[in-house]
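Source file: data.pdb (PDB, C-alpha atoms and all ligand atoms)
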ATOM      1  CA  MET O  11     -17.105  11.768  -2.240
ATOM      2  CA  THR O  12     -18.156  15.351  -2.873
ATOM      3  CA  PRO O  13     -15.885  16.962  -5.497
ATOM      4  CA  LEU O  14     -13.794  19.829  -4.126
ATOM      5  CA  ILE O  15     -15.583  22.473  -6.217
ATOM      6  CA  GLU O  16     -18.943  21.307  -4.892
ATOM      7  CA  ARG O  17     -17.791  21.105  -1.281
ATOM      8  CA  PHE O  18     -16.344  24.633  -1.254
ATOM      9  CA  ARG O  19     -18.444  26.275  -3.977
ATOM     10  CA  ASP O  20     -19.282  29.301  -1.807
ATOM     11  CA  ARG O  21     -15.580  30.027  -1.210
ATOM     12  CA  LEU O  22     -14.328  29.549  -4.780
ATOM     13  CA  PRO O  23     -14.573  31.792  -7.872
ATOM     14  CA  VAL O  24     -16.943  29.445  -9.708
ATOM     15  CA  SER O  25     -20.483  29.864 -11.013
ATOM     16  CA  ALA O  26     -23.226  27.678 -12.424
ATOM     17  CA  ALA O  27     -21.507  28.112 -15.807
ATOM     18  CA  THR O  28     -18.267  26.501 -14.577
ATOM     19  CA  PRO O  29     -18.042  22.846 -15.615
ATOM     20  CA  GLY O  30     -16.843  20.797 -12.652
ATOM     21  CA  VAL O  31     -13.861  18.878 -14.004
ATOM     22  CA  SER O  32     -13.318  16.491 -11.103
ATOM     23  CA  LEU O  33     -11.584  13.237 -10.276
ATOM     24  CA  GLY O  34     -12.793  13.151  -6.665
ATOM     25  CA  GLU O  35     -10.065  15.373  -5.204
ATOM     26  CA  GLY O  36      -9.856  16.901  -1.728
ATOM     27  CA  SER O  37     -11.470  15.664   1.510
ATOM     28  CA  THR O  38      -8.146  13.963   2.312
ATOM     29  CA  PRO O  39      -7.438  12.251   5.664
ATOM     30  CA  LEU O  40      -6.137  14.257   8.613
ATOM     31  CA  LEU O  41      -4.262  11.569  10.492
ATOM     32  CA  HIS O  42      -3.376  11.870  14.141
ATOM     33  CA  ALA O  43       0.246  10.693  14.569
ATOM     34  CA  PRO O  44       0.516   9.556  18.199
ATOM     35  CA  ARG O  45       3.743   7.583  17.892
ATOM     36  CA  LEU O  46       5.736  10.273  16.146
ATOM     37  CA  GLY O  47       3.982  12.946  18.186
ATOM     38  CA  LYS O  48       5.063  11.287  21.432
ATOM     39  CA  LEU O  49       8.675  11.111  20.281
ATOM     40  CA  LEU O  50       8.612  14.835  19.490
ATOM     41  CA  GLY O  51       6.398  15.970  22.390
ATOM     42  CA  ILE O  52       3.905  17.420  19.904
ATOM     43  CA  ASP O  53       0.194  16.803  19.317
ATOM     44  CA  LEU O  54       0.944  15.959  15.710
ATOM     45  CA  TYR O  55      -1.474  15.668  12.787
ATOM     46  CA  LEU O  56      -0.572  14.722   9.229
ATOM     47  CA  LYS O  57      -2.665  15.979   6.315
ATOM     48  CA  TRP O  58      -2.252  13.098   3.869
ATOM     49  CA  GLU O  59      -2.488  14.843   0.509
ATOM     50  CA  ALA O  60      -1.050  11.841  -1.333
ATOM     51  CA  SER O  61      -4.561  10.405  -1.259
ATOM     52  CA  ASN O  62      -5.638  12.885  -3.928
ATOM     53  CA  PRO O  63      -6.452  11.270  -7.327
ATOM     54  CA  THR O  64      -3.002  11.728  -8.909
ATOM     55  CA  GLY O  65      -1.125  11.322  -5.632
ATOM     56  CA  SER O  66      -0.438  14.928  -4.676
ATOM     57  CA  TYR O  67      -2.079  18.113  -3.383
ATOM     58  CA  LYS O  68      -1.834  19.649  -6.864
ATOM     59  CA  ASP O  69      -5.220  18.150  -7.725
ATOM     60  CA  ARG O  70      -6.934  20.641  -5.412
ATOM     61  CA  GLY O  71      -5.780  23.517  -7.576
ATOM     62  CA  MET O  72      -5.977  21.672 -10.865
ATOM     63  CA  THR O  73      -9.689  20.885 -10.607
ATOM     64  CA  VAL O  74     -10.399  24.615 -10.354
ATOM     65  CA  ALA O  75      -7.799  25.718 -12.943
ATOM     66  CA  VAL O  76      -8.884  23.203 -15.599
ATOM     67  CA  SER O  77     -12.584  23.794 -14.900
ATOM     68  CA  LYS O  78     -12.058  27.532 -15.399
ATOM     69  CA  ALA O  79      -9.953  26.920 -18.516
ATOM     70  CA  ALA O  80     -12.751  24.737 -19.932
ATOM     71  CA  GLU O  81     -15.305  27.406 -19.037
ATOM     72  CA  ALA O  82     -13.208  29.973 -20.936
ATOM     73  CA  GLY O  83     -13.060  27.680 -23.971
ATOM     74  CA  ALA O  84      -9.327  26.865 -23.754
ATOM     75  CA  ARG O  85      -8.220  24.495 -26.481
ATOM     76  CA  ALA O  86      -5.154  23.199 -24.603
ATOM     77  CA  VAL O  87      -3.358  23.589 -21.269
ATOM     78  CA  ILE O  88       0.356  24.028 -20.636
ATOM     79  CA  CYS O  89       2.601  23.848 -17.592
ATOM     80  CA  ALA O  90       6.244  23.621 -16.616
ATOM     81  CA  SER O  91       6.702  21.130 -13.845
ATOM     82  CA  THR O  92       8.999  19.324 -11.470
ATOM     83  CA  GLY O  93       6.527  16.428 -11.875
ATOM     84  CA  ASN O  94       3.393  16.580  -9.758
ATOM     85  CA  THR O  95       1.847  19.518 -11.587
ATOM     86  CA  ALA O  96       2.545  17.611 -14.804
ATOM     87  CA  SER O  97       0.673  14.480 -13.674
ATOM     88  CA  SER O  98      -2.195  16.510 -12.305
ATOM     89  CA  ALA O  99      -2.506  18.724 -15.409
ATOM     90  CA  ALA O 100      -2.388  15.660 -17.654
ATOM     91  CA  ALA O 101      -5.105  13.887 -15.656
ATOM     92  CA  TYR O 102      -7.508  16.835 -15.443
ATOM     93  CA  ALA O 103      -6.938  17.788 -19.096
ATOM     94  CA  ALA O 104      -7.785  14.203 -20.080
ATOM     95  CA  ARG O 105     -10.892  14.394 -17.913
ATOM     96  CA  ALA O 106     -11.884  17.664 -19.630
ATOM     97  CA  GLY O 107     -11.133  16.242 -23.078
ATOM     98  CA  ILE O 108      -8.461  18.809 -23.956
ATOM     99  CA  PRO O 109      -4.752  18.251 -24.725
ATOM    100  CA  ALA O 110      -1.990  18.966 -22.205
ATOM    101  CA  LEU O 111       1.496  20.178 -23.152
ATOM    102  CA  ILE O 112       3.997  19.530 -20.379
ATOM    103  CA  LEU O 113       7.493  21.062 -20.150
ATOM    104  CA  ILE O 114       9.864  19.252 -17.806
ATOM    105  CA  PRO O 115      13.457  20.155 -16.943
ATOM    106  CA  GLU O 116      15.832  17.677 -18.545
ATOM    107  CA  GLY O 117      16.640  14.693 -16.334
ATOM    108  CA  ALA O 118      15.224  16.342 -13.206
ATOM    109  CA  ILE O 119      11.846  14.765 -12.660
ATOM    110  CA  ALA O 120      11.147  11.678 -10.604
ATOM    111  CA  GLY O 121      10.462   8.466 -12.528
ATOM    112  CA  GLY O 122       6.953   7.761 -11.236
ATOM    113  CA  LYS O 123       5.735  11.225 -12.181
ATOM    114  CA  LEU O 124       7.118  11.011 -15.698
ATOM    115  CA  ILE O 125       5.549   7.607 -16.321
ATOM    116  CA  GLN O 126       2.247   8.808 -14.892
ATOM    117  CA  THR O 127       2.208  11.913 -17.097
ATOM    118  CA  ARG O 128       3.114   9.956 -20.229
ATOM    119  CA  ALA O 129       0.480   7.330 -19.522
ATOM    120  CA  LEU O 130      -2.155  10.035 -19.085
ATOM    121  CA  GLY O 131      -1.675  11.012 -22.715
ATOM    122  CA  ALA O 132       0.033  14.398 -22.316
ATOM    123  CA  LEU O 133       2.640  15.589 -24.794
ATOM    124  CA  VAL O 134       5.799  15.731 -22.667
ATOM    125  CA  LEU O 135       8.669  17.903 -23.873
ATOM    126  CA  GLU O 136      11.955  17.617 -22.001
ATOM    127  CA  VAL O 137      13.476  21.081 -22.019
ATOM    128  CA  ARG O 138      17.246  21.420 -22.107
ATOM    129  CA  GLY O 139      17.429  23.702 -19.104
ATOM    130  CA  SER O 140      16.232  24.258 -15.553
ATOM    131  CA  PHE O 141      12.693  24.395 -14.187
ATOM    132  CA  ASP O 142      12.909  28.191 -14.156
ATOM    133  CA  GLN O 143      13.730  28.250 -17.890
ATOM    134  CA  ALA O 144      10.932  25.793 -18.692
ATOM    135  CA  LEU O 145       8.472  27.991 -16.801
ATOM    136  CA  ALA O 146       9.573  31.101 -18.688
ATOM    137  CA  ALA O 147       8.878  29.294 -21.974
ATOM    138  CA  ALA O 148       5.463  28.087 -20.756
ATOM    139  CA  ARG O 149       4.523  31.644 -19.764
ATOM    140  CA  GLU O 150       5.498  32.920 -23.193
ATOM    141  CA  LEU O 151       3.328  30.353 -24.975
ATOM    142  CA  SER O 152       0.436  31.156 -22.663
ATOM    143  CA  ASP O 153       0.883  34.884 -23.461
ATOM    144  CA  ARG O 154       0.580  34.010 -27.153
ATOM    145  CA  GLY O 155      -2.884  32.651 -26.379
ATOM    146  CA  THR O 156      -2.445  29.128 -27.698
ATOM    147  CA  HIS O 157      -2.495  27.436 -24.267
ATOM    148  CA  ALA O 158      -4.002  28.102 -20.844
ATOM    149  CA  LEU O 159      -1.232  28.139 -18.216
ATOM    150  CA  VAL O 160      -2.049  25.837 -15.292
ATOM    151  CA  ASN O 161       1.080  26.440 -13.210
ATOM    152  CA  SER O 162       0.453  27.948  -9.798
ATOM    153  CA  LEU O 163       0.810  31.410 -11.383
ATOM    154  CA  ASN O 164      -2.754  30.683 -12.446
ATOM    155  CA  PRO O 165      -4.779  32.212  -9.579
ATOM    156  CA  PHE O 166      -7.377  29.437  -9.772
ATOM    157  CA  ARG O 167      -4.714  26.967  -8.652
ATOM    158  CA  ILE O 168      -4.189  28.982  -5.484
ATOM    159  CA  GLU O 169      -7.934  29.177  -4.911
ATOM    160  CA  GLY O 170      -8.293  25.409  -5.049
ATOM    161  CA  GLN O 171      -5.248  24.726  -2.890
ATOM    162  CA  LYS O 172      -6.384  27.039  -0.084
ATOM    163  CA  THR O 173      -9.188  24.553   0.653
ATOM    164  CA  ALA O 174      -6.753  22.290   2.520
ATOM    165  CA  VAL O 175      -6.788  24.863   5.333
ATOM    166  CA  PHE O 176     -10.601  24.852   5.419
ATOM    167  CA  GLU O 177     -10.649  21.063   5.697
ATOM    168  CA  ILE O 178      -8.103  20.992   8.508
ATOM    169  CA  VAL O 179      -9.879  23.633  10.586
ATOM    170  CA  GLU O 180     -13.257  22.005   9.976
ATOM    171  CA  GLU O 181     -12.004  18.583  11.015
ATOM    172  CA  LEU O 182     -10.137  19.754  14.123
ATOM    173  CA  GLY O 183     -13.064  21.971  15.063
ATOM    174  CA  ALA O 184     -10.530  24.753  15.723
ATOM    175  CA  ALA O 185      -7.341  26.202  14.311
ATOM    176  CA  PRO O 186      -4.145  24.230  15.036
ATOM    177  CA  ASP O 187      -1.224  26.014  16.716
ATOM    178  CA  ALA O 188       0.818  25.840  13.505
ATOM    179  CA  PHE O 189       0.683  24.686   9.898
ATOM    180  CA  VAL O 190       3.870  23.250   8.363
ATOM    181  CA  ILE O 191       4.305  22.691   4.606
ATOM    182  CA  PRO O 192       7.156  22.256   2.105
ATOM    183  CA  TYR O 193       8.214  25.260  -0.004
ATOM    184  CA  GLY O 194       9.274  24.869  -3.620
ATOM    185  CA  GLY O 195       7.904  27.562  -5.916
ATOM    186  CA  GLY O 196       5.762  28.952  -3.099
ATOM    187  CA  GLY O 197       2.337  28.439  -4.681
ATOM    188  CA  ASN O 198       1.140  26.290  -1.820
ATOM    189  CA  THR O 199       2.494  28.716   0.771
ATOM    190  CA  THR O 200       0.542  31.486  -0.960
ATOM    191  CA  ALA O 201      -2.540  29.254  -0.979
ATOM    192  CA  TYR O 202      -2.283  28.299   2.704
ATOM    193  CA  ALA O 203      -1.726  31.937   3.680
ATOM    194  CA  LYS O 204      -4.882  32.840   1.756
ATOM    195  CA  GLY O 205      -6.851  30.004   3.365
ATOM    196  CA  ILE O 206      -5.661  31.079   6.825
ATOM    197  CA  ALA O 207      -6.559  34.731   6.166
ATOM    198  CA  GLU O 208      -9.985  33.863   4.727
ATOM    199  CA  SER O 209     -10.689  31.718   7.789
ATOM    200  CA  GLY O 210      -9.962  34.766   9.961
ATOM    201  CA  LEU O 211      -7.057  32.988  11.683
ATOM    202  CA  ALA O 212      -3.682  34.190  12.906
ATOM    203  CA  THR O 213      -2.163  30.701  12.941
ATOM    204  CA  PRO O 214       1.549  30.699  12.041
ATOM    205  CA  LEU O 215       2.541  29.024   8.773
ATOM    206  CA  TYR O 216       5.993  27.435   8.477
ATOM    207  CA  SER O 217       7.251  26.936   4.912
ATOM    208  CA  ILE O 218      10.186  24.606   4.652
ATOM    209  CA  GLU O 219      12.614  24.812   1.755
ATOM    210  CA  ALA O 220      15.773  22.893   0.867
ATOM    211  CA  VAL O 221      19.105  24.426   1.863
ATOM    212  CA  ASP O 222      20.517  23.645  -1.561
ATOM    213  CA  ARG O 223      17.487  24.560  -3.650
ATOM    214  CA  PRO O 224      18.922  23.925  -7.155
ATOM    215  CA  ASN O 225      20.437  20.544  -6.263
ATOM    216  CA  THR O 226      18.347  18.979  -3.499
ATOM    217  CA  LEU O 227      17.473  15.298  -3.859
ATOM    218  CA  ALA O 228      13.889  16.329  -3.132
ATOM    219  CA  THR O 229      13.115  16.976  -6.796
ATOM    220  CA  ALA O 230       9.641  18.439  -6.229
ATOM    221  CA  ILE O 231      11.167  21.407  -4.398
ATOM    222  CA  ARG O 232      14.280  21.630  -6.604
ATOM    223  CA  ILE O 233      13.503  25.159  -7.737
ATOM    224  CA  GLY O 234      16.311  27.726  -7.861
ATOM    225  CA  THR O 235      14.185  30.854  -7.909
ATOM    226  CA  PRO O 236      10.706  30.459  -6.401
ATOM    227  CA  VAL O 237       8.281  32.343  -8.608
ATOM    228  CA  HIS O 238       6.047  33.191  -5.620
ATOM    229  CA  ARG O 239       8.880  34.387  -3.344
ATOM    230  CA  PRO O 240       7.625  38.027  -3.155
ATOM    231  CA  LYS O 241       4.167  36.783  -2.121
ATOM    232  CA  VAL O 242       5.654  34.325   0.359
ATOM    233  CA  GLU O 243       7.631  37.185   1.936
ATOM    234  CA  LEU O 244       4.497  39.335   2.178
ATOM    235  CA  SER O 245       2.434  36.433   3.559
ATOM    236  CA  GLY O 246       4.255  36.419   6.876
ATOM    237  CA  ALA O 247       5.067  32.711   6.525
ATOM    238  CA  HIS O 248       8.156  31.619   8.446
ATOM    239  CA  VAL O 249      10.622  30.252   5.887
ATOM    240  CA  VAL O 250      13.146  27.738   7.224
ATOM    241  CA  ALA O 251      15.697  25.693   5.250
ATOM    242  CA  VAL O 252      16.506  22.026   5.942
ATOM    243  CA  SER O 253      19.318  19.880   4.555
ATOM    244  CA  ASP O 254      18.902  16.791   2.388
ATOM    245  CA  GLU O 255      20.171  14.645   5.288
ATOM    246  CA  GLU O 256      17.429  16.018   7.533
ATOM    247  CA  ILE O 257      14.827  15.404   4.805
ATOM    248  CA  VAL O 258      15.906  11.792   4.314
ATOM    249  CA  GLU O 259      15.876  11.063   8.072
ATOM    250  CA  ALA O 260      12.393  12.540   8.454
ATOM    251  CA  TRP O 261      11.159  10.737   5.352
ATOM    252  CA  LEU O 262      12.325   7.349   6.656
ATOM    253  CA  GLN O 263      10.884   8.045  10.100
ATOM    254  CA  LEU O 264       7.492   9.002   8.716
ATOM    255  CA  ALA O 265       7.326   5.699   6.858
ATOM    256  CA  ARG O 266       8.549   3.582   9.746
ATOM    257  CA  GLU O 267       6.751   5.240  12.655
ATOM    258  CA  GLU O 268       3.447   6.135  11.016
ATOM    259  CA  GLY O 269       3.193   4.021   7.869
ATOM    260  CA  LEU O 270       3.117   6.947   5.473
ATOM    261  CA  PHE O 271       5.307   6.488   2.400
ATOM    262  CA  CYS O 272       5.685   9.934   0.876
ATOM    263  CA  GLU O 273       8.135  11.469  -1.551
ATOM    264  CA  PRO O 274      11.170  13.147   0.063
ATOM    265  CA  SER O 275       9.971  16.743  -0.541
ATOM    266  CA  SER O 276       6.879  15.966   1.487
ATOM    267  CA  ALA O 277       9.001  15.168   4.538
ATOM    268  CA  ALA O 278      10.577  18.644   4.653
ATOM    269  CA  GLY O 279       7.996  19.808   7.188
ATOM    270  CA  LEU O 280       8.705  16.934   9.538
ATOM    271  CA  ALA O 281      12.449  17.529   9.126
ATOM    272  CA  PHE O 282      11.881  21.060  10.433
ATOM    273  CA  LEU O 283       9.770  19.867  13.384
ATOM    274  CA  ARG O 284      12.373  17.278  14.356
ATOM    275  CA  ARG O 285      15.019  20.004  14.519
ATOM    276  CA  ARG O 286      12.856  22.553  16.340
ATOM    277  CA  SER O 287      10.547  20.306  18.385
ATOM    278  CA  GLY O 288      11.516  22.140  21.591
ATOM    279  CA  GLU O 289       9.555  25.191  20.448
ATOM    280  CA  PHE O 290       6.360  23.194  19.901
ATOM    281  CA  GLN O 291       6.074  21.126  23.092
ATOM    282  CA  GLY O 292       2.434  20.206  23.673
ATOM    283  CA  ALA O 293       1.288  22.235  20.674
ATOM    284  CA  ARG O 294      -1.151  20.938  18.099
ATOM    285  CA  VAL O 295       0.715  21.051  14.793
ATOM    286  CA  VAL O 296      -0.496  20.005  11.341
ATOM    287  CA  VAL O 297       2.168  18.906   8.866
ATOM    288  CA  THR O 298       1.005  18.563   5.287
ATOM    289  CA  ILE O 299       2.389  15.531   3.469
ATOM    290  CA  THR O 300       2.157  16.689  -0.106
ATOM    291  CA  GLY O 301       2.910  13.721  -2.401
ATOM    292  CA  HIS O 302       3.100   9.926  -2.586
ATOM    293  CA  GLY O 303       6.305   7.914  -2.227
ATOM    294  CA  LEU O 304       5.574   5.870  -5.341
ATOM    295  CA  LYS O 305       6.218   9.041  -7.324
ATOM    296  CA  ASP O 306       9.954   8.674  -6.717
ATOM    297  CA  PRO O 307      10.936   4.991  -6.666
ATOM    298  CA  ASP O 308      14.633   5.723  -7.333
ATOM    299  CA  ILE O 309      15.035   7.510  -4.013
ATOM    300  CA  ALA O 310      13.254   4.732  -2.143
ATOM    301  CA  ASN O 311      15.511   2.239  -3.868
ATOM    302  CA  ARG O 312      18.551   4.157  -2.668
ATOM    303  CA  TYR O 313      17.566   4.339   1.005
ATOM    304  CA  ALA O 314      15.222   1.454   1.798
ATOM    305  CA  PRO O 315      16.818  -1.927   2.543
ATOM    306  CA  PRO O 316      16.688  -4.318  -0.436
ATOM    307  CA  PRO O 317      14.863  -7.664  -0.123
ATOM    308  CA  VAL O 318      16.940 -10.594   1.183
ATOM    309  CA  GLN O 319      16.951 -13.681  -1.056
ATOM    310  CA  VAL O 320      15.953 -16.902   0.592
ATOM    311  CA  ASP O 321      15.082 -20.482  -0.386
ATOM    312  CA  ALA O 322      11.396 -21.497  -0.365
ATOM    313  CA  ASP O 323      11.912 -23.363   2.874
ATOM    314  CA  ALA O 324      10.319 -22.594   6.258
ATOM    315  CA  ASP O 325      13.532 -23.129   8.266
ATOM    316  CA  ALA O 326      15.563 -20.907   5.943
ATOM    317  CA  ILE O 327      12.877 -18.208   6.103
ATOM    318  CA  ALA O 328      12.700 -18.416   9.911
ATOM    319  CA  ALA O 329      16.491 -18.129  10.104
ATOM    320  CA  ALA O 330      16.513 -15.122   7.772
ATOM    321  CA  ALA O 331      13.697 -13.452   9.775
ATOM    322  CA  ALA O 332      15.603 -13.921  13.045
ATOM    323  CA  ARG O 333      18.679 -12.125  11.708
TER     324      ARG O 333
HETATM  325  C1  LIG G 401       5.151  16.889  -3.460
HETATM  326  C2  LIG G 401       5.398  18.353  -3.470
HETATM  327  N1  LIG G 401       5.593  18.964  -2.307
HETATM  328  C3  LIG G 401       5.827  20.286  -2.249
HETATM  329  C4  LIG G 401       5.897  21.069  -3.386
HETATM  330  C5  LIG G 401       6.189  22.521  -3.255
HETATM  331  O1  LIG G 401       5.057  23.304  -3.425
HETATM  332  P1  LIG G 401       5.162  24.768  -4.007
HETATM  333  O2  LIG G 401       5.930  24.671  -5.291
HETATM  334  O3  LIG G 401       3.756  25.174  -4.205
HETATM  335  O4  LIG G 401       5.898  25.580  -3.012
HETATM  336  C6  LIG G 401       5.693  20.473  -4.635
HETATM  337  C7  LIG G 401       5.760  21.268  -5.858
HETATM  338  O5  LIG G 401       5.848  20.760  -6.944
HETATM  339  C8  LIG G 401       5.421  19.085  -4.675
HETATM  340  O6  LIG G 401       5.209  18.464  -5.836
END
Would you kindly transcribe this structure into structure tokens?
Amino acid sequence: MTPLIERFRDRLPVSAATPGVSLGEGSTPLLHAPRLGKLLGIDLYLKWEASNPTGSYKDRGMTVAVSKAAEAGARAVICASTGNTASSAAAYAARAGIPALILIPEGAIAGGKLIQTRALGALVLEVRGSFDQALAAARELSDRGTHALVNSLNPFRIEGQKTAVFEIVEELGAAPDAFVIPYGGGGNTTAYAKGIAESGLATPLYSIEAVDRPNTLATAIRIGTPVHRPKVELSGAHVVAVSDEEIVEAWLQLAREEGLFCEPSSAAGLAFLRRRSGEFQGARVVVTITGHGLKDPDIANRYAPPPVQVDADADAIAAAAAR
């Protein structure tokens, strides 16, 4: 597979001097979702970003951010993270051969992401505080010059993430009628808005946040104060809030109707479409599914039916299956 930086070299701020730190990111599937689409009356497509190397769309931005950090001679990278940025930063830093320092809010990151980040060799510090406080500390250390910040405040992250729009338009052969994505800190909304503008499109972008931002069960978008909010407001994106109940229903439906097991935050877009499907009848809508379900096994454990115990006997198994 062509690495993202190679595929979109002419639309990214890279040069021959930029080392391509890649794990084979981007070029993710755009899946037509006929079953779910029929239920909603929408020509529905799902951009399956969980198929990126670390299981989330963050890898699109991280390949560019870490490549540019390596080009600039950075000796270490730092980020504050609700989890996916952490895993992605750890993976790309390992690939570049530089250390990663990861700040996570205490007790607030999903189990799969923490394990992944630890296994990838990053130094993980659990900050006694919120994501917003962890980010403030990361910014301060980056200002001191010891670490390159690879949060989405790093403009190279946005550059890499905008490529999802290019892929979608290229694959559909035209712009969809709407893009729908989840909204946590707003980096991806900023990136999609940039990708839409650079493609010369006027396609509406719907950014879906949690009603109860600081406490939502969707930990990836559990961000009290989105750092990109001013840019999101300027971008013209339509911001809509969904409840945790709506997220869970959409998340289960996506798994059961289309076979995509994502993390709850990633189902925020579908939760919005389920509520407002009447406005999109017959429209071609692309919902971006941002991260893999294995990232958050605790949530799956809470909502998916547990296995039923049975004797190793064909009759007993047939009886259990008929129940
Ligand atoms: C899986 C997933 N979806 C959505 C988001 C929200 O994206 P953003 O913070 O760029 O708005 C995140 C952010 O961490 C995420 O990890």
All residues 12 Å or closer to Asp254 in chain O, all atoms listed in the file, same chain fewer than 3 positions away omitted, as an NGL selection string: :O and (218-229 or 231-232 or 251 or 257-261 or 274-275 or 277-278 or 281-282 or 309)
Leu182 in chain O environment, 12 Å, only C-alpha atoms, sequence neighbours closer than 5 positions dropped, as a list in words: Pro39, Leu40, Leu41, His42, Asp53, Leu54, Tyr55, Leu56, Lys57, Val175, Phe176, Glu177, Asp187, Arg294, Val295 and Val296 of chain O
If you keep C-alpha atoms, can you produce a file of those selected residues as a JSON list (two decimals), keeping the file's coordinate frame?
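The new file out-v9.json reads:
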[["chain", "number", "residue", "atom", "x", "y", "z"],
["O", 39, "PRO", "CA", -7.44, 12.25, 5.66],
["O", 40, "LEU", "CA", -6.14, 14.26, 8.61],
["O", 41, "LEU", "CA", -4.26, 11.57, 10.49],
["O", 42, "HIS", "CA", -3.38, 11.87, 14.14],
["O", 53, "ASP", "CA", 0.19, 16.80, 19.32],
["O", 54, "LEU", "CA", 0.94, 15.96, 15.71],
["O", 55, "TYR", "CA", -1.47, 15.67, 12.79],
["O", 56, "LEU", "CA", -0.57, 14.72, 9.23],
["O", 57, "LYS", "CA", -2.66, 15.98, 6.32],
["O", 175, "VAL", "CA", -6.79, 24.86, 5.33],
["O", 176, "PHE", "CA", -10.60, 24.85, 5.42],
["O", 177, "GLU", "CA", -10.65, 21.06, 5.70],
["O", 187, "ASP", "CA", -1.22, 26.01, 16.72],
["O", 294, "ARG", "CA", -1.15, 20.94, 18.10],
["O", 295, "VAL", "CA", 0.72, 21.05, 14.79],
["O", 296, "VAL", "CA", -0.50, 20.00, 11.34]]
All residues 8 Å or closer to Gly93 in chain O, all atoms listed in the file, same chain fewer than 5 positions away omitted, as an MDAnalysis selection string: chainID O and resid 114 119:120 123:124 230
Ala212 in chain O surroundings by only C-alpha atoms, 9 Å radius, close-in-sequence under 3 positions cut, as an NGL selection string: :O and (185 or 206-207)
Output as CSV one row per residue of chain O within 7 Å of ligand LIG 401 (chain G): the closest atom pair and its distance in Å to one decimal place, counting all atoms listed in the file, sorted by chain and residue number ascending.
residue,atom,partner,partner_atom,distance
O:Ser66,CA,G:LIG401,C1,6.0
O:Ser91,CA,G:LIG401,O5,7.0
O:Thr92,CA,G:LIG401,O5,5.7
O:Gly93,CA,G:LIG401,O6,6.5
O:Asn94,CA,G:LIG401,O6,4.7
O:Thr95,CA,G:LIG401,O5,6.3
O:Pro192,CA,G:LIG401,C3,5.0
O:Tyr193,CA,G:LIG401,O4,3.8
O:Gly194,CA,G:LIG401,O4,3.5
O:Gly195,CA,G:LIG401,O2,3.6
O:Gly196,CA,G:LIG401,O4,3.4
O:Gly197,CA,G:LIG401,O3,3.6
O:Asn198,CA,G:LIG401,O3,3.7
O:Thr199,CA,G:LIG401,O4,6.0
O:Ala230,CA,G:LIG401,O6,4.4
O:Ile231,CA,G:LIG401,C5,5.2
O:Glu273,CA,G:LIG401,C1,6.5
O:Ser275,CA,G:LIG401,N1,5.2
O:Ser276,CA,G:LIG401,N1,5.0
O:Thr300,CA,G:LIG401,C1,4.5
O:Gly301,CA,G:LIG401,C1,4.0
Is it possible to get the residues within 7 Å of (3.3, 20.6, 22.6) (coordinates as in the file, counting only C-alpha atoms) written as a PDB file with C-alpha atoms, keeping the file's coordinate frame?
ATOM      1  CA  GLY O  51       6.398  15.970  22.390  1.00  0.00           C
ATOM      2  CA  ILE O  52       3.905  17.420  19.904  1.00  0.00           C
ATOM      3  CA  ASP O  53       0.194  16.803  19.317  1.00  0.00           C
ATOM      4  CA  PHE O 290       6.360  23.194  19.901  1.00  0.00           C
ATOM      5  CA  GLN O 291       6.074  21.126  23.092  1.00  0.00           C
ATOM      6  CA  GLY O 292       2.434  20.206  23.673  1.00  0.00           C
ATOM      7  CA  ALA O 293       1.288  22.235  20.674  1.00  0.00           C
ATOM      8  CA  ARG O 294      -1.151  20.938  18.099  1.00  0.00           C
TER       9      ARG O 294
END
Contacts of Leu33 in chain O within 8 Å, all atoms listed in the file, excl. fewer than 2 positions in-chain, as JSON, numbers by chain: {"O": [13, 31, 35, 63, 73, 102, 105]}
Selection result for the PyMOL selection byres (((chain O and resi 72) around 7) and not hetatm) on this file, as a VMD selection string: chain O and resid 68 to 71 73 to 76 98 to 99 102 167
Pick from O:Ile168, O:Leu304, O:Ala148, O:Val297, whichever lies nearest to Gly122 in chain O using all atoms listed in the file: O:Leu304
Sphere at (-16.4, 19.9, -14.1), radius 8 Å, counting only C-alpha atoms: residues as a ChimeraX atom specification: /O:28-32,73,77,106
Can I get the selection written as a PDB file, keeping the file's coordinate frame, with C-alpha atoms?
ATOM      1  CA  THR O  28     -18.267  26.501 -14.577  1.00  0.00           C
ATOM      2  CA  PRO O  29     -18.042  22.846 -15.615  1.00  0.00           C
ATOM      3  CA  GLY O  30     -16.843  20.797 -12.652  1.00  0.00           C
ATOM      4  CA  VAL O  31     -13.861  18.878 -14.004  1.00  0.00           C
ATOM      5  CA  SER O  32     -13.318  16.491 -11.103  1.00  0.00           C
ATOM      6  CA  THR O  73      -9.689  20.885 -10.607  1.00  0.00           C
ATOM      7  CA  SER O  77     -12.584  23.794 -14.900  1.00  0.00           C
ATOM      8  CA  ALA O 106     -11.884  17.664 -19.630  1.00  0.00           C
TER       9      ALA O 106
END
d(CA of Phe166 in chain O, CA of Leu22 in chain O) in Å: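 That distance, rounded to one decimal, is 8.6 Å.
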